[in-house]
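Source file: target16.cif; contents: mmCIF, C-alpha atoms and all ligand atoms.
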data_entry
#
loop_
_atom_site.label_atom_id
_atom_site.label_comp_id
_atom_site.auth_asym_id
_atom_site.auth_seq_id
_atom_site.Cartn_x
_atom_site.Cartn_y
_atom_site.Cartn_z
CA MET A 1 113.83 102.07 71.45
CA LEU A 2 113.05 102.30 75.15
CA ASN A 3 110.35 100.01 76.46
CA LEU A 4 107.95 100.98 79.27
CA THR A 5 110.14 99.45 81.97
CA ASP A 6 113.09 101.55 80.82
CA ILE A 7 111.01 104.70 80.69
CA PHE A 8 109.59 104.11 84.15
CA LYS A 9 113.00 103.29 85.59
CA LYS A 10 114.54 106.30 83.90
CA ILE A 11 112.08 108.74 85.40
CA LYS A 12 112.64 107.21 88.80
CA LEU A 13 116.33 108.12 88.88
CA PRO A 14 117.05 109.39 92.40
CA PHE A 15 118.45 112.78 91.35
CA PHE A 16 115.23 113.55 89.54
CA ALA A 17 113.03 115.25 92.12
CA ASN A 18 109.83 113.63 90.92
CA PHE A 19 106.46 113.41 92.54
CA GLU A 20 104.10 110.54 91.81
CA ILE A 21 100.45 111.52 91.84
CA TYR A 22 97.75 108.88 91.74
CA PHE A 23 94.31 109.45 90.24
CA ASP A 24 91.10 107.44 90.43
CA LEU A 25 88.73 109.44 88.24
CA GLY A 26 85.52 107.95 89.65
CA THR A 27 82.12 108.78 88.17
CA SER A 28 80.86 109.84 91.60
CA ILE A 29 84.02 110.63 93.53
CA THR A 30 87.47 111.69 92.34
CA LYS A 31 90.28 110.35 94.48
CA ILE A 32 93.83 111.76 94.43
CA ALA A 33 96.76 110.33 96.38
CA ILE A 34 100.49 110.81 96.81
CA LYS A 35 102.83 108.08 97.93
CA ASP A 36 103.79 109.02 101.46
CA LYS A 37 100.52 110.64 102.50
CA GLY A 38 98.01 108.27 100.86
CA VAL A 39 94.67 109.73 99.77
CA ILE A 40 94.79 113.52 99.98
CA LEU A 41 91.54 114.33 98.15
CA ARG A 42 88.12 112.70 97.86
CA GLU A 43 85.57 114.99 96.31
CA PRO A 44 82.45 114.56 94.19
CA THR A 45 83.13 114.66 90.43
CA PHE A 46 80.77 117.61 89.98
CA LEU A 47 81.03 121.21 88.71
CA GLY A 48 78.62 124.12 88.55
CA TYR A 49 78.73 125.98 85.20
CA ASN A 50 77.70 129.63 85.30
CA SER A 51 76.38 130.66 81.87
CA ARG A 52 76.50 134.39 82.82
CA ILE A 53 80.25 134.42 83.25
CA LYS A 54 80.73 131.46 80.91
CA ASP A 55 82.86 129.68 83.47
CA TYR A 56 82.66 127.18 86.30
CA SER A 57 81.71 128.75 89.63
CA PHE A 58 81.60 125.64 91.81
CA THR A 59 83.64 122.47 91.99
CA GLY A 60 83.64 119.20 93.91
CA THR A 61 81.78 119.06 97.21
CA GLU A 62 80.30 122.54 96.77
CA ALA A 63 78.99 121.70 93.28
CA LYS A 64 77.28 118.56 94.56
CA THR A 65 75.72 120.47 97.44
CA ILE A 66 73.98 122.87 95.07
CA LEU A 67 72.48 120.06 92.96
CA GLY A 68 68.76 120.75 92.48
CA LYS A 69 68.86 124.21 94.04
CA THR A 70 70.57 126.39 91.45
CA PRO A 71 69.30 129.45 89.60
CA ASP A 72 68.68 129.00 85.85
CA PHE A 73 72.10 130.30 84.87
CA ILE A 74 73.95 127.65 86.86
CA LYS A 75 74.01 124.10 85.57
CA VAL A 76 75.52 121.19 87.44
CA VAL A 77 77.89 119.26 85.17
CA ARG A 78 79.23 115.74 85.65
CA PRO A 79 82.34 115.34 83.49
CA ILE A 80 82.71 111.60 84.01
CA VAL A 81 79.89 109.34 82.83
CA SER A 82 80.04 105.56 83.20
CA GLY A 83 83.68 105.75 84.23
CA VAL A 84 84.97 107.72 81.23
CA ILE A 85 85.48 111.42 80.47
CA SER A 86 82.40 112.77 78.73
CA ASP A 87 83.23 116.50 79.03
CA PHE A 88 86.98 117.00 78.55
CA ASP A 89 87.21 120.73 79.31
CA ALA A 90 85.10 120.41 82.45
CA GLU A 91 87.20 117.48 83.66
CA VAL A 92 90.46 119.37 83.10
CA PHE A 93 89.08 122.39 84.96
CA LEU A 94 87.95 120.19 87.86
CA LEU A 95 91.24 118.31 88.10
CA GLN A 96 93.18 121.57 88.05
CA LYS A 97 91.12 122.83 91.02
CA PHE A 98 91.55 119.52 92.83
CA LEU A 99 95.33 119.69 92.34
CA GLU A 100 95.44 123.21 93.74
CA ARG A 101 93.42 122.03 96.73
CA SER A 102 95.50 118.96 97.50
CA VAL A 103 98.77 118.24 95.71
CA TYR A 104 99.98 121.85 95.67
CA LEU A 105 99.84 121.86 99.47
CA TYR A 106 102.64 119.31 99.36
CA THR A 107 104.67 120.50 96.38
CA GLY A 108 104.64 124.04 97.77
CA ASN A 109 105.29 127.24 95.90
CA LYS A 110 108.83 126.40 94.90
CA THR A 111 110.27 128.16 91.92
CA ILE A 112 111.32 124.82 90.54
CA LYS A 113 108.38 122.51 91.02
CA PRO A 114 109.08 118.79 91.17
CA MET A 115 108.31 116.86 88.04
CA MET A 116 104.84 115.44 88.49
CA ILE A 117 104.14 111.94 87.20
CA GLY A 118 100.50 111.00 86.88
CA ILE A 119 99.41 107.41 87.43
CA ALA A 120 95.74 106.74 86.76
CA THR A 121 93.27 103.93 86.32
CA VAL A 122 90.91 103.49 83.40
CA PRO A 123 87.96 101.10 83.20
CA THR A 124 88.52 97.91 81.22
CA ILE A 125 85.83 98.94 78.76
CA ALA A 126 87.46 102.32 77.99
CA THR A 127 88.30 102.66 74.31
CA GLU A 128 91.71 103.84 73.12
CA ILE A 129 90.25 107.31 72.58
CA GLU A 130 88.83 107.33 76.10
CA GLN A 131 92.19 106.22 77.51
CA LYS A 132 93.88 108.96 75.50
CA ALA A 133 91.48 111.53 76.96
CA VAL A 134 92.65 110.63 80.48
CA LYS A 135 96.27 110.89 79.42
CA GLU A 136 95.78 114.24 77.65
CA GLY A 137 93.74 115.61 80.55
CA LEU A 138 96.46 114.79 83.06
CA LEU A 139 99.19 116.19 80.81
CA LYS A 140 97.15 119.36 80.51
CA ILE A 141 97.07 119.88 84.28
CA GLY A 142 100.85 119.65 84.48
CA MET A 143 101.86 116.00 84.60
CA SER A 144 105.08 115.50 82.68
CA GLN A 145 104.40 111.82 82.15
CA VAL A 146 101.23 109.74 82.52
CA PHE A 147 100.89 106.01 83.11
CA LEU A 148 97.62 104.12 82.86
CA VAL A 149 96.53 100.90 84.52
CA GLU A 150 93.34 98.89 84.01
CA LYS A 151 91.15 99.66 86.99
CA PRO A 152 90.34 96.10 88.17
CA LEU A 153 94.07 95.36 88.61
CA ALA A 154 94.42 98.29 90.99
CA THR A 155 91.11 97.57 92.72
CA ALA A 156 92.00 93.92 93.34
CA THR A 157 95.44 94.93 94.67
CA GLY A 158 93.81 97.45 97.01
CA ALA A 159 91.54 94.69 98.28
CA GLY A 160 94.58 92.59 99.19
CA VAL A 161 94.76 90.35 96.11
CA ASN A 162 98.12 89.44 94.57
CA ILE A 163 97.27 89.98 90.92
CA PHE A 164 100.61 88.45 89.87
CA SER A 165 99.79 85.07 91.40
CA HIS A 166 98.38 82.35 89.17
CA GLU A 167 95.35 81.87 91.41
CA PRO A 168 92.43 83.76 89.85
CA THR A 169 90.22 85.99 91.99
CA LEU A 170 86.79 87.42 91.24
CA ILE A 171 86.35 91.03 92.30
CA ALA A 172 83.18 93.09 91.90
CA ASP A 173 83.65 96.89 92.01
CA LEU A 174 80.19 98.31 92.69
CA GLY A 175 80.70 102.00 91.89
CA GLY A 176 78.68 105.04 90.95
CA GLY A 177 78.97 104.74 87.17
CA LEU A 178 80.04 101.18 86.59
CA ILE A 179 79.67 97.73 88.05
CA GLU A 180 82.95 96.09 87.05
CA LEU A 181 83.03 92.34 87.52
CA SER A 182 86.52 90.98 86.85
CA ILE A 183 88.49 87.80 87.22
CA VAL A 184 92.11 88.79 87.78
CA GLY A 185 95.32 86.77 88.06
CA SER A 186 98.66 86.06 86.35
CA SER A 187 99.28 89.84 85.98
CA GLY A 188 96.13 90.53 84.03
CA ILE A 189 92.38 90.34 83.60
CA LEU A 190 91.24 86.85 82.65
CA SER A 191 87.69 87.89 81.88
CA GLN A 192 85.35 90.67 82.80
CA LYS A 193 81.83 91.98 82.51
CA THR A 194 80.80 95.59 82.98
CA LEU A 195 77.30 96.87 83.75
CA ARG A 196 76.39 100.53 83.49
CA ASN A 197 73.42 100.20 85.83
CA ALA A 198 75.46 101.28 88.84
CA GLY A 199 74.92 103.59 91.83
CA ASP A 200 73.94 106.68 89.80
CA GLN A 201 71.40 104.84 87.72
CA MET A 202 69.96 103.33 90.93
CA ASN A 203 69.18 106.86 92.12
CA LYS A 204 67.08 107.33 88.97
CA VAL A 205 65.30 104.02 89.57
CA ILE A 206 64.41 105.21 93.09
CA PHE A 207 63.14 108.50 91.62
CA ASN A 208 60.80 106.64 89.23
CA TYR A 209 59.62 104.19 91.88
CA VAL A 210 58.67 106.91 94.37
CA TYR A 211 57.08 108.99 91.61
CA LEU A 212 54.85 106.09 90.54
CA LYS A 213 54.05 104.69 94.00
CA TYR A 214 53.64 107.86 96.05
CA GLY A 215 53.00 110.53 93.44
CA ILE A 216 55.86 112.78 94.51
CA ILE A 217 58.89 114.13 92.72
CA LEU A 218 62.13 113.82 94.67
CA GLY A 219 65.45 115.55 94.13
CA GLU A 220 68.47 113.55 92.93
CA THR A 221 70.32 113.96 96.23
CA THR A 222 67.26 112.80 98.20
CA CYS A 223 67.09 109.66 96.07
CA GLU A 224 70.78 108.96 96.68
CA ASN A 225 70.36 109.52 100.42
CA LEU A 226 67.46 107.05 100.55
CA LYS A 227 69.76 104.43 99.02
CA ILE A 228 72.58 105.23 101.45
CA ASP A 229 70.47 105.67 104.59
CA ILE A 230 67.72 103.06 104.51
CA LEU A 231 68.56 100.39 101.92
CA ASN A 232 69.78 97.20 103.57
CA PHE A 233 69.69 93.48 102.93
CA LYS A 234 69.01 92.52 106.53
CA ASN A 235 65.25 92.99 106.51
CA THR A 236 65.67 95.88 108.93
CA GLU A 237 62.71 98.10 108.14
CA LYS A 238 63.74 101.74 108.48
CA ILE A 239 61.22 104.44 107.69
CA VAL A 240 62.05 108.01 106.76
CA VAL A 241 59.74 110.93 106.18
CA THR A 242 60.77 112.32 102.82
CA ARG A 243 59.78 115.61 101.35
CA GLY A 244 59.22 116.20 97.65
CA LYS A 245 56.86 117.93 95.25
CA SER A 246 53.31 116.65 94.81
CA LEU A 247 52.49 115.44 91.31
CA GLU A 248 48.92 116.73 91.69
CA ASN A 249 49.49 120.36 92.56
CA GLY A 250 53.24 120.91 92.62
CA LEU A 251 53.16 121.76 96.33
CA PRO A 252 55.52 120.25 98.92
CA LYS A 253 54.35 116.85 100.10
CA SER A 254 55.79 114.44 102.68
CA VAL A 255 55.60 110.67 102.47
CA LYS A 256 56.97 107.84 104.58
CA ILE A 257 59.42 105.76 102.57
CA LYS A 258 60.48 102.35 103.84
CA SER A 259 63.60 100.24 103.34
CA SER A 260 61.41 97.62 101.66
CA ASP A 261 60.40 100.24 99.05
CA ILE A 262 64.01 100.83 98.09
CA ASN A 263 64.72 97.09 98.13
CA GLU A 264 61.81 96.48 95.79
CA ALA A 265 62.82 99.34 93.52
CA LEU A 266 66.41 98.13 93.20
CA ARG A 267 65.78 94.39 93.21
CA SER A 268 66.23 94.08 89.48
CA ASN A 269 69.48 96.09 89.57
CA PHE A 270 70.98 93.76 92.16
CA ASN A 271 69.66 90.68 90.34
CA GLN A 272 71.51 91.88 87.23
CA ILE A 273 74.75 92.09 89.22
CA ILE A 274 74.24 88.60 90.62
CA ASP A 275 73.43 87.23 87.14
CA GLY A 276 76.54 88.98 85.79
CA ILE A 277 78.74 87.27 88.40
CA LYS A 278 77.13 83.90 87.64
CA GLU A 279 77.69 84.33 83.90
CA LEU A 280 81.31 85.31 84.46
CA ILE A 281 81.93 82.18 86.53
CA GLU A 282 80.00 79.93 84.14
CA SER A 283 81.97 81.13 81.13
CA SER A 284 85.33 80.45 82.83
CA PRO A 285 87.45 77.35 82.17
CA PRO A 286 86.91 74.49 84.70
CA GLU A 287 90.23 75.09 86.54
CA VAL A 288 89.32 78.72 87.09
CA VAL A 289 85.78 77.88 88.24
CA ASP A 290 87.15 75.45 90.79
CA GLU A 291 89.51 78.06 92.28
CA LEU A 292 86.85 80.77 92.26
CA MET A 293 84.37 78.52 94.07
CA GLN A 294 86.99 77.94 96.76
CA LYS A 295 88.06 81.56 97.10
CA GLY A 296 84.69 83.29 96.74
CA VAL A 297 83.99 86.82 95.58
CA ILE A 298 85.30 90.18 96.84
CA LEU A 299 82.96 93.18 96.81
CA THR A 300 84.18 96.76 96.86
CA GLY A 301 83.12 100.26 95.74
CA GLY A 302 80.49 102.51 97.32
CA LEU A 303 77.59 100.08 96.99
CA SER A 304 79.48 97.35 98.85
CA LYS A 305 78.80 99.42 101.98
CA ILE A 306 75.10 98.48 101.95
CA THR A 307 74.40 96.57 105.14
CA GLY A 308 74.01 92.83 104.58
CA ILE A 309 75.01 92.87 100.89
CA ASP A 310 77.68 90.17 101.46
CA LYS A 311 75.20 87.73 103.02
CA PHE A 312 72.59 88.50 100.35
CA PHE A 313 75.10 87.82 97.55
CA GLU A 314 76.30 84.70 99.37
CA ASP A 315 72.80 83.25 99.50
CA GLU A 316 72.19 84.00 95.84
CA LEU A 317 75.59 82.87 94.54
CA LYS A 318 76.11 79.95 96.92
CA LEU A 319 79.73 80.90 97.53
CA ASN A 320 81.66 82.99 100.03
CA VAL A 321 81.44 86.75 99.61
CA TYR A 322 83.73 89.25 101.35
CA CYS A 323 83.51 93.03 101.47
CA SER A 324 86.76 94.94 101.18
CA ASP A 325 87.16 96.93 104.42
CA LYS A 326 88.65 100.05 102.81
CA TYR A 327 85.89 100.15 100.21
CA GLU A 328 86.11 103.93 99.64
CA ASN A 329 89.70 103.97 98.45
CA THR A 330 90.35 100.41 97.31
CA THR A 331 91.30 101.33 93.75
CA ILE A 332 93.64 104.21 94.53
CA ASN A 333 95.30 102.37 97.43
CA GLY A 334 95.90 99.48 95.06
CA LEU A 335 97.45 101.82 92.53
CA ILE A 336 99.95 103.09 95.13
CA LYS A 337 100.75 99.54 96.19
CA LEU A 338 101.34 98.43 92.60
CA THR A 339 104.02 101.06 92.00
CA SER A 340 106.14 99.80 94.89
CA ASN A 341 107.68 97.25 92.56
CA VAL A 342 108.77 99.01 89.38
CA ASP A 343 109.51 95.81 87.45
CA SER A 344 106.12 94.20 88.03
CA PHE A 345 104.33 97.54 87.68
CA SER A 346 105.84 98.22 84.29
CA LYS A 347 104.49 94.87 83.08
CA ILE A 348 100.87 95.82 83.71
CA LEU A 349 100.93 99.32 82.22
CA ILE A 350 98.67 100.02 79.28
CA ALA A 351 101.06 100.42 76.36
N1 LIG B 401 76.72 103.51 102.39
C1 LIG B 401 76.32 103.43 101.14
N2 LIG B 401 75.23 102.70 100.80
C2 LIG B 401 74.82 102.64 99.53
N3 LIG B 401 75.42 103.24 98.49
C3 LIG B 401 76.49 103.97 98.76
C4 LIG B 401 77.02 104.11 100.08
N4 LIG B 401 78.11 104.92 100.03
C5 LIG B 401 78.26 105.28 98.73
N5 LIG B 401 77.30 104.71 97.98
C6 LIG B 401 77.11 104.86 96.53
O1 LIG B 401 78.30 104.40 95.89
C7 LIG B 401 78.50 105.12 94.68
C8 LIG B 401 79.88 105.71 94.65
O2 LIG B 401 80.79 104.67 94.81
P1 LIG B 401 82.31 104.82 94.35
O3 LIG B 401 82.98 105.90 95.10
O4 LIG B 401 82.89 103.44 94.44
O5 LIG B 401 82.10 105.26 92.83
P2 LIG B 401 83.13 105.86 91.80
O6 LIG B 401 84.46 105.22 92.05
O7 LIG B 401 83.09 107.34 91.85
O8 LIG B 401 82.48 105.39 90.44
P3 LIG B 401 83.00 104.42 89.28
O9 LIG B 401 84.15 103.60 89.82
O10 LIG B 401 81.82 103.57 88.93
O11 LIG B 401 83.41 105.33 88.16
C9 LIG B 401 77.42 106.22 94.62
O12 LIG B 401 76.38 105.81 93.77
C10 LIG B 401 76.95 106.29 96.07
O13 LIG B 401 75.60 106.70 96.16
MG MG B 402 85.43 103.55 91.35
#

Represent the supplied structure as structure tokens.
Ligand SMILES: Nc1ncnc2c1ncn2[C@@H]1O[C@H](COP(=O)(O)OP(=O)(O)OP(=O)(O)O)[C@@H](O)[C@H]1O
Ligand SMILES: [Mg+2]
Amino acid sequence: MLNLTDIFKKIKLPFFANFEIYFDLGTSITKIAIKDKGVILREPTFLGYNSRIKDYSFTGTEAKTILGKTPDFIKVVRPIVSGVISDFDAEVFLLQKFLERSVYLYTGNKTIKPMMIGIATVPTIATEIEQKAVKEGLLKIGMSQVFLVEKPLATATGAGVNIFSHEPTLIADLGGGLIELSIVGSSGILSQKTLRNAGDQMNKVIFNYVYLKYGIILGETTCENLKIDILNFKNTEKIVVTRGKSLENGLPKSVKIKSSDINEALRSNFNQIIDGIKELIESSPPEVVDELMQKGVILTGGLSKITGIDKFFEDELKLNVYCSDKYENTTINGLIKLTSNVDSFSKILIA
């Protein structure tokens, strides 16, 4: 029987005109890459379902733009929840559109299309059924073979970590659907902790906070923009005039929202992340703790872009904290990097 290494080597035979396509099916943003070009698509993981025509009318960026401003017969759908596929058909439809918009520009309209090999990440907490859904979804959109890798291994590689070395590293991927805290090394994940209170849930916390404090109802996108635009850990007080709907009479109402409001609203979320990192370190064997204390923690994912987050985490954790510079594409870049050595890559594939 062929093992994974054999299979991977076999499909990489030079006369086989294959095409490796990399997928990071993020809760907020789907990333697609091909080897020589790098990331060729980054679009929101959103669709707009039109119940009149019983089909999807909007996908990606356009679907996110219409959030909160659709007629009754259009519903915005998010096929990935907490890092896993929650609506299979919607996800397949979305991926098909994304392929047409990106990969097909490179494969062209040849009569004989190259064989497409899909390489994707899945969160550590994904069950076998959830992993299978990713595989089936990618096969359905035309991949002839699909390989899966645990996400933290790709993320750490993208952040410059050698996951094959025997020196453990702690990496925190602060994404839209998941906060994945992982200690990686020796070709695998030594231990990990996943929180679902990530970027998306933070938007809801902001919604509730503003609703209770100022008596206005904000749209989902407005809440996300407050987090992106004014939240910071540098005590820089930014103020934005935000428009919503008054709770009293349903009419438009403007209020001034400050950075300190958003900090207060999300304090408990960030404390949970810090506690999660502390617990992960505390539960590690002494040799690992010693190395982690020396090396510090790497932050990546969308939330790692918040100004001053590294210093804030450093003060709370009492160890060095670094933000990955290519935070937007860390995972998918890592995935590309991992495939450059077929032998080592085949050892980390999910069987
Ligand atoms: N500059 C910023 N400041 C604060 N938050 C940000 C910033 N940029 C992006 N985000 C948030 O980061 C999240 C998206 O991050 P990312 O692209 O890493 O998620 P994802 O990979 O789609 O999700 P996941 O890996 O959890 O499935 C969103 O919640 C978004 O609001
Ligand atoms: Mg991600």

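Compared by their closest atoms to ligand MG 402 (chain B), and using only C-alpha atoms and all ligand atoms, the residues A:Glu150, A:Asp290, A:Glu62, A:Asp343 rank with A:Glu150 nearest.
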
Within-10 Å residues of ligand MG 402 (chain B), basis all atoms listed in the file, as an mmCIF file with C-alpha atoms, keeping the file's coordinate frame:
data_model
loop_
_atom_site.group_PDB
_atom_site.id
_atom_site.type_symbol
_atom_site.label_atom_id
_atom_site.label_comp_id
_atom_site.auth_asym_id
_atom_site.auth_seq_id
_atom_site.Cartn_x
_atom_site.Cartn_y
_atom_site.Cartn_z
ATOM 1 C CA ASP A 24 91.100 107.440 90.430
ATOM 2 C CA LEU A 25 88.730 109.440 88.240
ATOM 3 C CA GLY A 26 85.520 107.950 89.650
ATOM 4 C CA THR A 27 82.120 108.780 88.170
ATOM 5 C CA SER A 28 80.860 109.840 91.600
ATOM 6 C CA ILE A 29 84.020 110.630 93.530
ATOM 7 C CA THR A 30 87.470 111.690 92.340
ATOM 8 C CA LYS A 31 90.280 110.350 94.480
ATOM 9 C CA SER A 82 80.040 105.560 83.200
ATOM 10 C CA GLY A 83 83.680 105.750 84.230
ATOM 11 C CA THR A 121 93.270 103.930 86.320
ATOM 12 C CA VAL A 122 90.910 103.490 83.400
ATOM 13 C CA PRO A 123 87.960 101.100 83.200
ATOM 14 C CA LYS A 151 91.150 99.660 86.990
ATOM 15 C CA PRO A 152 90.340 96.100 88.170
ATOM 16 C CA THR A 155 91.110 97.570 92.720
ATOM 17 C CA ASP A 173 83.650 96.890 92.010
ATOM 18 C CA LEU A 174 80.190 98.310 92.690
ATOM 19 C CA GLY A 175 80.700 102.000 91.890
ATOM 20 C CA GLY A 176 78.680 105.040 90.950
ATOM 21 C CA GLY A 177 78.970 104.740 87.170
ATOM 22 C CA LEU A 178 80.040 101.180 86.590
ATOM 23 C CA ILE A 179 79.670 97.730 88.050
ATOM 24 C CA GLU A 180 82.950 96.090 87.050
ATOM 25 C CA THR A 300 84.180 96.760 96.860
ATOM 26 C CA GLY A 301 83.120 100.260 95.740
ATOM 27 C CA GLY A 302 80.490 102.510 97.320
ATOM 28 C CA TYR A 327 85.890 100.150 100.210
ATOM 29 C CA GLU A 328 86.110 103.930 99.640
ATOM 30 C CA ASN A 329 89.700 103.970 98.450
ATOM 31 C CA THR A 330 90.350 100.410 97.310
ATOM 32 C CA THR A 331 91.300 101.330 93.750
ATOM 33 C CA ILE A 332 93.640 104.210 94.530
#

Could you tell me how far atom CA of A:Met202 lies from atom CA of A:Val81, in Å and to one decimal?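 Atom CA of A:Met202 sits 14.2 Å away from atom CA of A:Val81.
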
Extending 5 Å beyond the listed atoms of ligand LIG 401 (chain B) on each side, what axis-aligned box results? I want centre and edge lengths in Å to one decimal, as AutoDock Vina command-line options.
--center_x 79.6 --center_y 105.0 --center_z 95.3 --size_x 19.6 --size_y 14.7 --size_z 24.2

Spatial neighbours of A:Gly188, max dist 12 Å, all atoms listed in the file, sep filter under 5 positions, as a ChimeraX atom specification: /A:124,149-154,156-157,162-169,182-183,344-345,347-350

Write a file of the just-selected residues containing C-alpha atoms, as a short mmCIF file (atom, residue, chain, number, x, y, z; two decimals), in the frame of the given file.
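The resulting file, part24.cif, is shown below:
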data_model
loop_
_atom_site.label_atom_id
_atom_site.label_comp_id
_atom_site.auth_asym_id
_atom_site.auth_seq_id
_atom_site.Cartn_x
_atom_site.Cartn_y
_atom_site.Cartn_z
CA THR A 124 88.52 97.91 81.22
CA VAL A 149 96.53 100.90 84.52
CA GLU A 150 93.34 98.89 84.01
CA LYS A 151 91.15 99.66 86.99
CA PRO A 152 90.34 96.10 88.17
CA LEU A 153 94.07 95.36 88.61
CA ALA A 154 94.42 98.29 90.99
CA ALA A 156 92.00 93.92 93.34
CA THR A 157 95.44 94.93 94.67
CA ASN A 162 98.12 89.44 94.57
CA ILE A 163 97.27 89.98 90.92
CA PHE A 164 100.61 88.45 89.87
CA SER A 165 99.79 85.07 91.40
CA HIS A 166 98.38 82.35 89.17
CA GLU A 167 95.35 81.87 91.41
CA PRO A 168 92.43 83.76 89.85
CA THR A 169 90.22 85.99 91.99
CA SER A 182 86.52 90.98 86.85
CA ILE A 183 88.49 87.80 87.22
CA SER A 344 106.12 94.20 88.03
CA PHE A 345 104.33 97.54 87.68
CA LYS A 347 104.49 94.87 83.08
CA ILE A 348 100.87 95.82 83.71
CA LEU A 349 100.93 99.32 82.22
CA ILE A 350 98.67 100.02 79.28
#

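Closest to ligand LIG 401 (chain B) among A:Gly137, A:Gly215, A:Gly185, A:Gly308 is A:Gly308, based on only C-alpha atoms and all ligand atoms.
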
Would you mind listing what lies within 9 Å of A:Cys323 as a ChimeraX atom specification, with all atoms listed in the file counted and same-chain residues fewer than 5 positions away left out? /A:159,297-300,304-305,309-310

Take the residues from that selection and put them in a file with C-alpha atoms, as a PDB file, in the coordinates of the input.
ATOM      1  CA  ALA A 159      91.540  94.690  98.280  1.00  0.00           C
ATOM      2  CA  VAL A 297      83.990  86.820  95.580  1.00  0.00           C
ATOM      3  CA  ILE A 298      85.300  90.180  96.840  1.00  0.00           C
ATOM      4  CA  LEU A 299      82.960  93.180  96.810  1.00  0.00           C
ATOM      5  CA  THR A 300      84.180  96.760  96.860  1.00  0.00           C
ATOM      6  CA  SER A 304      79.480  97.350  98.850  1.00  0.00           C
ATOM      7  CA  LYS A 305      78.800  99.420 101.980  1.00  0.00           C
ATOM      8  CA  ILE A 309      75.010  92.870 100.890  1.00  0.00           C
ATOM      9  CA  ASP A 310      77.680  90.170 101.460  1.00  0.00           C
TER      10      ASP A 310
END

Give the answer as one residue: which of A:Val205, A:Leu181, A:Ile171, A:Val134 has the shortest atom-to-atom distance to A:Tyr322, using all atoms listed in the file? A:Ile171

Quick one, how far is atom CA of A:Lys227 from atom C2 of ligand LIG 401 (chain B)?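 That distance, rounded to one decimal, is 5.4 Å.
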
Contact residues around A:Ser260 with all atoms listed in the file at 8 Å, ignoring same-chain residues under 6 positions, as a list in words: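 These residues fall inside the cut-off: Leu231, Asn235 and Glu237 of chain A.
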
Would you kindly return, as a short mmCIF file (atom, residue, chain, number, x, y, z; two decimals) with C-alpha atoms, in the coordinates of the input, each protein, DNA or RNA residue with an atom no farther than 10 Å from any atom of stretch 102-107 of chain A, considering all atoms listed in the file and excluding same-chain residues fewer than 6 positions away?
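Written out: around.cif:
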data_model
loop_
_atom_site.label_atom_id
_atom_site.label_comp_id
_atom_site.auth_asym_id
_atom_site.auth_seq_id
_atom_site.Cartn_x
_atom_site.Cartn_y
_atom_site.Cartn_z
CA PHE A 19 106.46 113.41 92.54
CA ILE A 21 100.45 111.52 91.84
CA ILE A 32 93.83 111.76 94.43
CA ALA A 33 96.76 110.33 96.38
CA ILE A 34 100.49 110.81 96.81
CA LYS A 37 100.52 110.64 102.50
CA VAL A 39 94.67 109.73 99.77
CA ILE A 40 94.79 113.52 99.98
CA LEU A 41 91.54 114.33 98.15
CA ARG A 42 88.12 112.70 97.86
CA LYS A 113 108.38 122.51 91.02
CA PRO A 114 109.08 118.79 91.17
CA MET A 115 108.31 116.86 88.04
CA MET A 116 104.84 115.44 88.49
#

In terms of the shortest atom-to-atom distance over only C-alpha atoms and all ligand atoms, which of A:Val77, A:Leu303, A:Met293, A:Ala90 is closest to ligand LIG 401 (chain B)?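 That would be A:Leu303, the residue with the smallest distance to ligand LIG 401 (chain B).
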
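Proximity of A:Leu335, A:Val84, A:Ile66, A:Leu218 to ligand LIG 401 (chain B), computed with all atoms listed in the file, is greatest for A:Val84.
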
Here is a test: counting all atoms listed in the file, which residue of A:Asn320, A:Thr70, A:Gln294, A:Asn197 is nearest to ligand LIG 401 (chain B)? A:Asn197

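The coordinates place atom P3 of ligand LIG 401 (chain B) at 26.7 Å from atom CA of A:Val289.
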
Within 9 Å of A:Asn208, counting only C-alpha atoms, which residues qualify if same-chain residues fewer than 5 places away don't, as a PyMOL selection string? chain A and resi 203+213+217+265
